[in-house]
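*Asks:* So that you have it, the file is model-v7.cif, and it contains mmCIF, C-alpha atoms:
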```
data_run
loop_
_atom_site.label_atom_id
_atom_site.label_comp_id
_atom_site.auth_asym_id
_atom_site.auth_seq_id
_atom_site.Cartn_x
_atom_site.Cartn_y
_atom_site.Cartn_z
CA MET A 244 0.00 0.00 0.00
CA PRO A 245 2.73 2.56 0.77
CA PHE A 246 4.26 1.79 -2.64
CA VAL A 247 0.92 2.45 -4.36
CA LEU A 248 0.78 5.85 -2.62
CA LEU A 249 4.40 6.55 -3.44
CA SER A 250 3.86 5.61 -7.11
CA ALA A 251 0.79 7.88 -7.23
CA LEU A 252 2.85 10.79 -5.87
CA VAL A 253 5.66 10.18 -8.40
CA ILE A 254 3.21 9.83 -11.31
CA ASN A 255 1.43 13.00 -10.17
CA ALA A 256 4.73 14.90 -10.01
CA ILE A 257 5.60 13.75 -13.56
CA LEU A 258 2.13 14.76 -14.82
CA VAL A 259 2.44 18.19 -13.21
CA ASN A 260 5.85 18.55 -14.82
CA TYR A 261 4.31 17.82 -18.23
CA ARG A 262 1.42 20.19 -17.41
CA VAL A 263 -1.25 17.48 -17.31
CA ILE A 264 -3.37 19.13 -14.60
CA GLY A 265 -6.78 17.42 -14.94
CA GLY A 266 -9.08 15.42 -17.17
CA PRO A 267 -9.49 11.72 -17.90
CA LEU A 268 -5.83 11.35 -18.94
CA LYS A 269 -4.65 12.21 -15.42
CA ILE A 270 -7.09 9.70 -13.84
CA LEU A 271 -5.87 7.06 -16.30
CA PHE A 272 -2.21 7.67 -15.46
CA LEU A 273 -2.88 7.80 -11.70
CA GLY A 274 -4.77 4.51 -11.98
CA GLY A 275 -1.45 3.02 -13.08
CA ALA A 276 -0.17 3.64 -9.54
CA PHE A 277 -1.91 0.43 -8.37
CA PRO A 278 -0.14 -2.09 -10.61
CA VAL A 279 3.17 -0.17 -10.41
CA GLY A 280 3.04 0.05 -6.58
CA PHE A 281 2.02 -3.59 -6.29
CA LEU A 282 4.86 -4.69 -8.59
CA VAL A 283 7.46 -2.61 -6.70
CA GLY A 284 6.26 -4.03 -3.35
CA ARG A 285 6.29 -7.57 -4.72
CA LEU A 286 9.78 -7.09 -6.15
CA ILE A 287 11.16 -5.77 -2.84
CA TYR A 288 9.48 -8.63 -0.93
CA ALA A 289 10.89 -11.23 -3.34
CA ARG A 290 14.41 -9.80 -3.11
CA ARG A 291 14.51 -9.22 0.67
CA SER A 292 11.90 -11.17 2.67
CA HIS A 293 10.60 -14.16 0.69
CA VAL A 294 11.65 -17.37 2.47
CA GLU A 295 12.24 -20.62 0.63
CA ILE A 296 13.37 -23.88 2.20
CA LEU A 297 14.87 -26.35 -0.25
CA PHE A 298 15.43 -29.85 1.07
CA ASP A 299 15.90 -33.47 0.15
CA ASP A 300 16.61 -36.60 2.18
CA THR A 301 20.18 -35.53 2.99
CA SER A 302 20.35 -31.75 3.31
CA PHE A 303 18.47 -28.45 3.44
CA ARG A 304 19.00 -24.86 2.33
CA VAL A 305 17.19 -21.76 3.58
CA ILE A 306 17.00 -18.91 1.08
CA LYS A 307 15.78 -15.54 2.30
CA GLY A 308 15.24 -13.09 -0.54
CA SER A 309 18.21 -13.48 -2.83
CA ARG A 310 20.59 -14.73 -0.10
CA GLU A 311 21.23 -18.22 1.20
CA THR A 312 21.00 -17.78 4.98
CA GLN A 313 21.39 -21.36 6.21
CA THR A 314 22.54 -24.65 4.89
CA GLY A 315 23.07 -27.99 6.56
CA SER A 316 22.83 -31.73 6.49
CA TRP A 317 20.17 -33.65 8.41
CA ARG A 318 22.96 -36.01 9.53
CA SER A 319 24.50 -33.37 11.78
CA PHE A 320 21.36 -33.07 13.95
CA ARG A 321 20.12 -35.29 16.74
CA LEU A 322 16.83 -33.80 17.86
CA VAL A 323 14.00 -31.84 16.31
CA SER A 324 11.23 -29.77 17.86
CA LEU A 325 8.57 -27.21 17.03
CA VAL A 326 9.12 -23.82 18.65
CA LEU A 327 6.49 -21.11 18.83
CA ASP A 328 7.82 -17.65 18.03
CA GLN A 329 6.70 -14.32 19.55
CA LEU A 330 3.54 -14.35 17.41
CA GLY A 331 2.74 -17.96 18.28
CA LYS A 332 3.78 -19.32 14.88
CA PRO A 333 5.59 -22.68 14.84
CA ASN A 334 9.13 -22.96 13.52
CA LEU A 335 11.39 -25.98 13.34
CA ARG A 336 14.33 -26.23 15.75
CA LEU A 337 17.15 -28.65 14.99
CA TYR A 338 19.52 -29.59 17.81
CA ARG A 339 23.04 -30.78 17.13
CA SER A 340 23.02 -32.51 20.54
CA SER A 341 20.30 -32.98 23.16
CA LYS A 342 21.31 -29.82 25.03
CA GLY A 343 23.63 -28.24 22.52
CA ASP A 344 23.41 -25.50 19.95
CA TYR A 345 20.55 -25.42 17.51
CA VAL A 346 19.36 -24.06 14.18
CA ASP A 347 15.88 -22.64 13.60
CA LEU A 348 14.14 -23.17 10.27
CA PRO A 349 11.42 -20.54 9.68
CA ILE A 350 8.77 -22.96 8.38
CA SER A 351 5.94 -20.69 9.56
CA ARG A 352 6.92 -18.40 6.69
CA THR A 353 6.36 -21.14 4.15
CA ASN A 354 3.21 -23.07 3.31
CA ALA A 355 4.51 -26.28 4.92
CA ASP A 356 2.36 -28.00 7.55
CA PRO A 357 4.57 -27.69 10.67
CA GLN A 358 3.60 -31.02 12.28
CA ARG A 359 3.98 -33.04 9.08
CA PHE A 360 7.29 -31.39 8.22
CA ARG A 361 8.59 -31.99 11.77
CA ASP A 362 7.56 -35.68 11.53
CA TYR A 363 9.32 -35.96 8.16
CA VAL A 364 12.53 -34.41 9.53
CA GLN A 365 12.32 -36.57 12.65
CA THR A 366 12.13 -39.67 10.47
CA LEU A 367 15.27 -38.57 8.58
CA ILE A 368 17.15 -37.81 11.79
CA SER A 369 16.13 -41.05 13.51
CA GLU A 370 17.13 -43.03 10.38
CA VAL A 371 20.58 -41.46 10.64
CA GLY A 372 20.68 -42.40 14.35
CA ILE A 373 19.71 -46.01 13.61
CA LYS A 374 22.27 -46.29 10.81
CA GLU A 375 24.99 -44.87 13.04
CA THR A 376 24.26 -47.20 15.95
CA THR A 377 23.93 -50.39 13.88
CA PRO A 378 26.77 -52.64 15.10
CA GLN A 379 29.25 -53.75 12.47
CA VAL A 380 30.05 -57.43 11.96
CA VAL A 381 33.54 -58.18 13.22
CA GLU A 382 35.32 -61.45 12.58
CA ALA A 383 36.96 -62.95 15.63
CA ALA A 384 40.43 -64.29 15.13
CA MET B 169 -2.25 -37.40 19.32
CA ASP B 170 -1.85 -35.00 16.40
CA ALA B 171 -5.17 -33.32 17.27
CA PHE B 172 -4.11 -32.90 20.91
CA GLU B 173 -0.74 -31.44 19.89
CA SER B 174 -2.42 -29.19 17.35
CA ASN B 175 -4.66 -27.80 20.12
CA LEU B 176 -1.59 -27.11 22.23
CA LEU B 177 0.23 -25.49 19.31
CA HIS B 178 -2.75 -23.18 18.86
CA GLY B 179 -2.46 -22.06 22.48
CA ALA B 180 -4.94 -24.32 24.30
CA SER B 181 -2.84 -24.09 27.46
CA ARG B 182 -2.21 -20.36 27.38
CA LEU B 183 -4.38 -19.49 30.41
CA ILE B 184 -2.29 -21.75 32.63
CA ALA B 185 1.06 -22.01 30.88
CA ASP B 186 2.73 -20.80 27.73
CA LEU B 187 4.06 -24.01 26.15
CA SER B 188 6.56 -22.92 23.53
CA GLU B 189 8.56 -25.97 22.45
CA PHE B 190 7.15 -29.33 21.35
CA PHE B 191 9.02 -32.61 20.91
CA ARG B 192 7.57 -35.87 19.56
CA ASP B 193 8.72 -39.35 20.57
CA TYR B 194 11.01 -37.90 23.22
CA LYS B 195 12.94 -40.61 25.06
CA VAL B 196 13.74 -40.42 28.76
CA ASP B 197 15.26 -43.65 30.08
CA ASP B 198 12.85 -46.44 29.07
CA THR B 199 9.89 -44.17 28.44
CA THR B 200 9.07 -42.63 25.08
CA PHE B 201 6.81 -39.62 25.45
CA ALA B 202 4.62 -39.15 22.40
CA ILE B 203 4.54 -35.42 23.21
CA TYR B 204 6.93 -33.49 25.42
CA ALA B 205 6.25 -29.76 25.61
CA LYS B 206 8.27 -27.16 27.51
CA GLY B 207 7.22 -23.71 28.54
CA ASN B 208 6.64 -21.38 31.45
CA THR B 209 3.77 -19.82 33.35
CA ARG B 210 4.28 -16.30 32.02
CA ASN B 211 2.50 -15.96 28.70
CA LYS B 212 3.56 -13.55 25.97
CA GLY B 213 0.61 -11.68 24.48
CA LEU B 214 0.71 -8.17 23.10
CA PHE B 215 1.22 -4.85 24.89
CA LEU B 216 -1.28 -4.82 27.80
CA SER B 217 -1.43 -8.59 28.36
CA ARG B 218 2.35 -8.80 28.10
CA PHE B 219 2.77 -5.98 30.61
CA PHE B 220 0.21 -7.65 32.90
CA ALA B 221 2.02 -11.01 32.60
CA TRP B 222 5.40 -9.40 33.23
CA THR B 223 4.24 -7.52 36.33
CA VAL B 224 1.82 -10.02 37.90
CA LEU B 225 2.51 -13.59 36.75
CA PRO B 226 5.39 -15.66 38.11
CA ASN B 227 7.75 -17.13 35.51
CA TYR B 228 7.97 -20.79 36.52
CA PRO B 229 9.28 -23.38 34.05
CA VAL B 230 6.66 -26.09 33.44
CA SER B 231 6.23 -29.06 31.09
CA LEU B 232 3.67 -31.35 29.58
CA PHE B 233 4.28 -35.05 29.01
CA CYS B 234 1.98 -37.27 27.02
CA VAL B 235 2.36 -41.04 26.73
CA ASP B 236 0.49 -43.27 24.34
CA GLU B 237 0.21 -46.74 25.87
CA GLY B 238 -1.59 -48.15 22.83
CA LYS B 239 -3.23 -51.50 23.44
CA SER B 240 -0.92 -52.61 26.25
CA LEU B 241 -2.46 -52.93 29.69
CA LEU B 242 -2.19 -49.77 31.76
CA SER B 243 -1.53 -50.93 35.31
CA THR B 244 -0.94 -48.76 38.37
CA GLU B 245 2.69 -50.00 38.44
CA LYS B 246 3.22 -48.82 34.87
CA LEU B 247 1.60 -45.51 35.65
CA ARG B 248 3.83 -45.11 38.70
CA MET B 249 6.87 -45.74 36.48
CA ARG B 250 5.77 -43.01 34.08
CA MET B 251 5.19 -40.67 37.02
CA ASP B 252 8.65 -41.45 38.41
CA THR B 253 10.21 -40.60 35.03
CA VAL B 254 8.30 -37.32 34.89
CA THR B 255 9.28 -36.51 38.48
CA LYS B 256 12.91 -37.20 37.57
CA VAL B 257 12.74 -34.76 34.65
CA THR B 258 10.88 -32.25 36.85
CA ASP B 259 13.68 -32.40 39.44
CA ARG B 260 16.46 -32.37 36.82
CA ASP B 261 15.09 -29.35 34.95
CA GLU B 262 13.86 -27.65 38.14
CA LEU B 263 10.29 -27.42 36.89
CA LYS B 264 7.65 -25.98 39.17
CA TRP B 265 5.05 -28.52 38.05
CA ALA B 266 4.21 -30.78 35.14
CA TRP B 267 1.25 -32.28 33.34
CA LEU B 268 1.23 -36.00 32.56
CA VAL B 269 -1.39 -37.25 30.12
CA VAL B 270 -1.59 -41.01 29.53
CA LEU B 271 -3.65 -42.31 26.63
CA SER B 272 -4.74 -45.92 26.31
CA ASN B 273 -6.58 -47.84 23.61
CA ARG B 274 -8.21 -50.04 26.26
CA ALA B 275 -10.91 -49.31 28.79
CA LEU B 276 -9.56 -47.92 32.07
CA SER B 277 -9.45 -50.35 34.97
CA PRO B 278 -11.19 -49.39 38.26
CA GLN B 279 -7.77 -49.47 40.00
CA ILE B 280 -6.39 -46.84 37.61
CA VAL B 281 -9.51 -44.69 37.97
CA SER B 282 -9.28 -44.90 41.76
CA PHE B 283 -5.51 -44.24 41.81
CA VAL B 284 -5.63 -41.21 39.52
CA SER B 285 -8.72 -39.63 41.03
CA ARG B 286 -7.17 -39.84 44.52
CA TYR B 287 -3.76 -38.52 43.45
CA ASP B 288 -3.26 -35.05 44.96
CA ARG B 289 0.45 -34.08 44.86
CA LYS B 290 0.44 -30.48 43.64
CA GLU B 291 3.61 -30.76 41.48
CA LEU B 292 2.12 -33.25 39.03
CA GLY B 293 -1.20 -32.98 37.25
CA LEU B 294 -2.33 -36.37 36.03
CA ALA B 295 -4.84 -37.36 33.36
CA VAL B 296 -5.59 -40.83 32.06
CA ALA B 297 -7.81 -41.22 29.04
CA SER B 298 -9.17 -44.12 27.06
CA THR B 299 -9.42 -43.49 23.33
CA THR B 300 -11.93 -46.35 22.95
CA SER B 301 -14.40 -45.59 25.76
CA ARG B 302 -13.42 -41.86 25.72
CA GLN B 303 -13.37 -41.83 29.50
CA ILE B 304 -11.06 -39.25 31.04
CA VAL B 305 -9.89 -39.34 34.64
CA LEU B 306 -8.13 -36.39 36.24
CA SER B 307 -6.08 -36.17 39.41
CA ASN B 308 -7.50 -34.40 42.42
CA ASN B 309 -5.27 -31.33 42.31
CA GLN B 310 -5.31 -27.89 40.68
CA VAL B 311 -2.85 -28.81 37.92
CA GLY B 312 -4.75 -32.01 37.14
CA ARG B 313 -8.14 -30.32 36.93
CA SER B 314 -6.70 -27.73 34.54
CA ILE B 315 -6.02 -30.53 32.00
CA GLY B 316 -9.76 -30.93 31.69
CA LYS B 317 -10.60 -27.26 31.62
CA GLN B 318 -7.79 -25.83 29.50
CA LEU B 319 -5.96 -28.42 27.42
CA LYS B 320 -8.98 -29.51 25.34
CA LEU B 321 -8.10 -33.18 25.77
CA ARG B 322 -11.78 -33.95 25.69
CA LYS B 323 -12.12 -32.22 22.31
CA ALA B 324 -9.09 -34.08 20.94
CA LEU B 325 -10.63 -37.41 21.98
CA GLY B 326 -14.11 -36.41 20.92
CA SER B 327 -15.30 -37.34 24.38
CA ASN B 328 -18.95 -37.17 25.31
CA ARG B 329 -18.51 -38.30 28.91
CA ARG B 330 -18.20 -36.18 32.01
CA TRP B 331 -14.95 -35.65 33.91
CA ILE B 332 -14.22 -37.76 36.94
CA SER B 333 -11.99 -35.97 39.40
#
```
Could you spell out this file's structure in structure tokens?
*Replies:*
Amino acid sequence: MPFVLLSALVINAILVNYRVIGGPLKILFLGGAFPVGFLVGRLIYARRSHVEILFDDTSFRVIKGSRETQTGSWRSFRLVSLVLDQLGKPNLRLYRSSKGDYVDLPISRTNADPQRFRDYVQTLISEVGIKETTPQVVEAA
Amino acid sequence: MDAFESNLLHGASRLIADLSEFFRDYKVDDTTFAIYAKGNTRNKGLFLSRFFAWTVLPNYPVSLFCVDEGKSLLSTEKLRMRMDTVTKVTDRDELKWAWLVVLSNRALSPQIVSFVSRYDRKELGLAVASTTSRQIVLSNNQVGRSIGKQLKLRKALGSNRRWIS
């Protein structure tokens, strides 16, 4: 909305500069403030705030705007939980150890179902745990 | 279980405690808690409610534990074991109090009903529910009664029976 207003002000200034004071032409040009403002807002959101989480069975990447903010492998985590943020929205928390440091994935900013995504990640992490603790066959001399 | 957790995620407990972190299949010794939620008694809110909480409410750490016993028999000994595990975590993490919700796919035995309804230690609120008969039994203490009133366990089970406490 502020970008629509801003676009209207800029368009109005340009029209005044070209001595278009009134009439249907001015209304037509000012009406263009809506799509222009919306596009500018959308562009700024996409470049700065849009969050995307890319993942497969081995790793994940968090992309915020045009920057990659986090990257990691599911193998390096031991525990997963859902954490409610200040607004009560659930995000995913990945612990490297049971009481160690952690990484938060902002899943509330995506369209992922938090419980289903947590269960999926938990399955991946527990599979890693099972694989790591499977005893190896050793031949006795 | 998902419905119960979803209720909690949407703030079902907020009048009593602000549960902010939720684990699934959380292992403590031999017990696997289907849900383990951590939080504290001071809720967040916005502006006025946050100021009220900050000035009036104490900030005690509290937890919720939920066990799904499935079709295995829920005896008083087993329940005592679960309670001991919860008490251990309560002591370890210096929690003020905790909720323990035990779900069973079988009908509740009279011994369990009697044991839970007479339980009155204030540090542990106890609830035992049958997902088949939809009977819910609450412990005879403030924390236990709040499971019925606040946590919407009844709604999650689709219960049409009255509380016994």
*Asks:* Pick out the chain A residues within 9 Å of chain B. Count only C-alpha atoms. Give them as a compact mmCIF listing (two decimals) with C-alpha atoms, keeping the file's coordinate frame.
*Replies:*
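Once written, part11.txt looks like this:
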```txt
# COMPACT_ATOMS: atom_id res chain seq x y z
CA LEU A 322 16.83 -33.80 17.86
CA VAL A 323 14.00 -31.84 16.31
CA SER A 324 11.23 -29.77 17.86
CA LEU A 325 8.57 -27.21 17.03
CA VAL A 326 9.12 -23.82 18.65
CA LEU A 327 6.49 -21.11 18.83
CA ASP A 328 7.82 -17.65 18.03
CA GLN A 329 6.70 -14.32 19.55
CA LEU A 330 3.54 -14.35 17.41
CA GLY A 331 2.74 -17.96 18.28
CA LYS A 332 3.78 -19.32 14.88
CA PRO A 333 5.59 -22.68 14.84
CA ARG A 336 14.33 -26.23 15.75
CA GLN A 358 3.60 -31.02 12.28
CA ARG A 361 8.59 -31.99 11.77
CA ASP A 362 7.56 -35.68 11.53
CA GLN A 365 12.32 -36.57 12.65
```
*Asks:* List the neighbours of Ile270 (chain A) out to 12 Å using all atoms listed in the file; skip same-chain residues closer than 4 positions along the sequence, and give me the result as a PDB file with C-alpha atoms, in the frame of the given file.
*Replies:*
```pdb
ATOM      1  CA  ALA A 251       0.790   7.880  -7.230  1.00  0.00           C
ATOM      2  CA  ILE A 254       3.210   9.830 -11.310  1.00  0.00           C
ATOM      3  CA  ASN A 255       1.430  13.000 -10.170  1.00  0.00           C
ATOM      4  CA  LEU A 258       2.130  14.760 -14.820  1.00  0.00           C
ATOM      5  CA  VAL A 263      -1.250  17.480 -17.310  1.00  0.00           C
ATOM      6  CA  ILE A 264      -3.370  19.130 -14.600  1.00  0.00           C
ATOM      7  CA  GLY A 265      -6.780  17.420 -14.940  1.00  0.00           C
ATOM      8  CA  GLY A 266      -9.080  15.420 -17.170  1.00  0.00           C
ATOM      9  CA  GLY A 274      -4.770   4.510 -11.980  1.00  0.00           C
ATOM     10  CA  GLY A 275      -1.450   3.020 -13.080  1.00  0.00           C
ATOM     11  CA  ALA A 276      -0.170   3.640  -9.540  1.00  0.00           C
ATOM     12  CA  PHE A 277      -1.910   0.430  -8.370  1.00  0.00           C
TER      13      PHE A 277
END
```
*Asks:* Run the PyMOL selection byres ((chain A and resi 308) around 12) against the file shown and list the residues it catches, as a PDB file with C-alpha atoms, in the frame of the given file.
*Replies:*
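Everything below was put into expr02.pdb:
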```pdb
ATOM      1  CA  ARG A 285       6.290  -7.570  -4.720  1.00  0.00           C
ATOM      2  CA  LEU A 286       9.780  -7.090  -6.150  1.00  0.00           C
ATOM      3  CA  ILE A 287      11.160  -5.770  -2.840  1.00  0.00           C
ATOM      4  CA  TYR A 288       9.480  -8.630  -0.930  1.00  0.00           C
ATOM      5  CA  ALA A 289      10.890 -11.230  -3.340  1.00  0.00           C
ATOM      6  CA  ARG A 290      14.410  -9.800  -3.110  1.00  0.00           C
ATOM      7  CA  ARG A 291      14.510  -9.220   0.670  1.00  0.00           C
ATOM      8  CA  SER A 292      11.900 -11.170   2.670  1.00  0.00           C
ATOM      9  CA  HIS A 293      10.600 -14.160   0.690  1.00  0.00           C
ATOM     10  CA  VAL A 294      11.650 -17.370   2.470  1.00  0.00           C
ATOM     11  CA  GLU A 295      12.240 -20.620   0.630  1.00  0.00           C
ATOM     12  CA  ILE A 296      13.370 -23.880   2.200  1.00  0.00           C
ATOM     13  CA  VAL A 305      17.190 -21.760   3.580  1.00  0.00           C
ATOM     14  CA  ILE A 306      17.000 -18.910   1.080  1.00  0.00           C
ATOM     15  CA  LYS A 307      15.780 -15.540   2.300  1.00  0.00           C
ATOM     16  CA  SER A 309      18.210 -13.480  -2.830  1.00  0.00           C
ATOM     17  CA  ARG A 310      20.590 -14.730  -0.100  1.00  0.00           C
ATOM     18  CA  GLU A 311      21.230 -18.220   1.200  1.00  0.00           C
ATOM     19  CA  THR A 312      21.000 -17.780   4.980  1.00  0.00           C
TER      20      THR A 312
END
```
*Asks:* What separation in Å, quoted to one decimal, exists between CA of Ile315 (chain B) and CA of Glu245 (chain B)?
*Replies:*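 Going from CA of Ile315 (chain B) over to CA of Glu245 (chain B), I get 22.3 Å.
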*Asks:* Quick check on the file I pasted: which residues fall under the PyMOL selection byres ((chain A and resi 346) around 10)? Write them as a list in words.
*Replies:*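 Written out, the selection comes to Gln313, Thr314, Gly315, Phe320, Val323, Leu335, Arg336, Leu337, Tyr338, Arg339, Asp344, Tyr345, Asp347, Leu348 and Pro349 of chain A.
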*Asks:* So what does the PyMOL selection byres ((chain B and resi 292-304) around 10) actually pick up in this one, as a PyMOL selection string?
*Replies:* chain B and resi 231-238+242+247+251+254-255+258+264-276+280-281+284-285+287-291+305-316+321-322+324-333
*Asks:* How far is it from CA of Ile203 (chain B) to CA of Ser277 (chain B), in Å with one decimal?
*Replies:*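 Pair CA of Ile203 (chain B) / CA of Ser277 (chain B) returns 23.6 Å.
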*Asks:* Could you tell me how far CA of Thr353 (chain A) sits from CA of Arg321 (chain A), in Å to one decimal place?
*Replies:*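 Straight-line distance from CA of Arg321 (chain A) to CA of Thr353 (chain A) works out to 23.4 Å.
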*Asks:* To box region 226-237 of chain B, take all atoms listed in the file, fit an axis-aligned box, add 5 Å on each side, and give centre and edge lengths in Å to one decimal, as lines of an AutoDock Vina configuration file.
*Replies:*
```
center_x = 4.7
center_y = -31.2
center_z = 31.2
size_x = 19.1
size_y = 41.1
size_z = 23.8
```
*Asks:* Given only C-alpha atoms as the basis, pick out the residue of A:Ser341, A:Pro267, A:Ser302, A:Asn354 nearest to Leu367 (chain A).
*Replies:*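 Under the stated criterion, the closest residue is A:Ser302.
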*Asks:* With distances taken over all atoms listed in the file, which of A:Leu268, A:Leu297, A:Leu248, A:Val259 is nearest to Gly280 (chain A)?
*Replies:*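 For Gly280 (chain A), the nearest of the given residues is A:Leu248.
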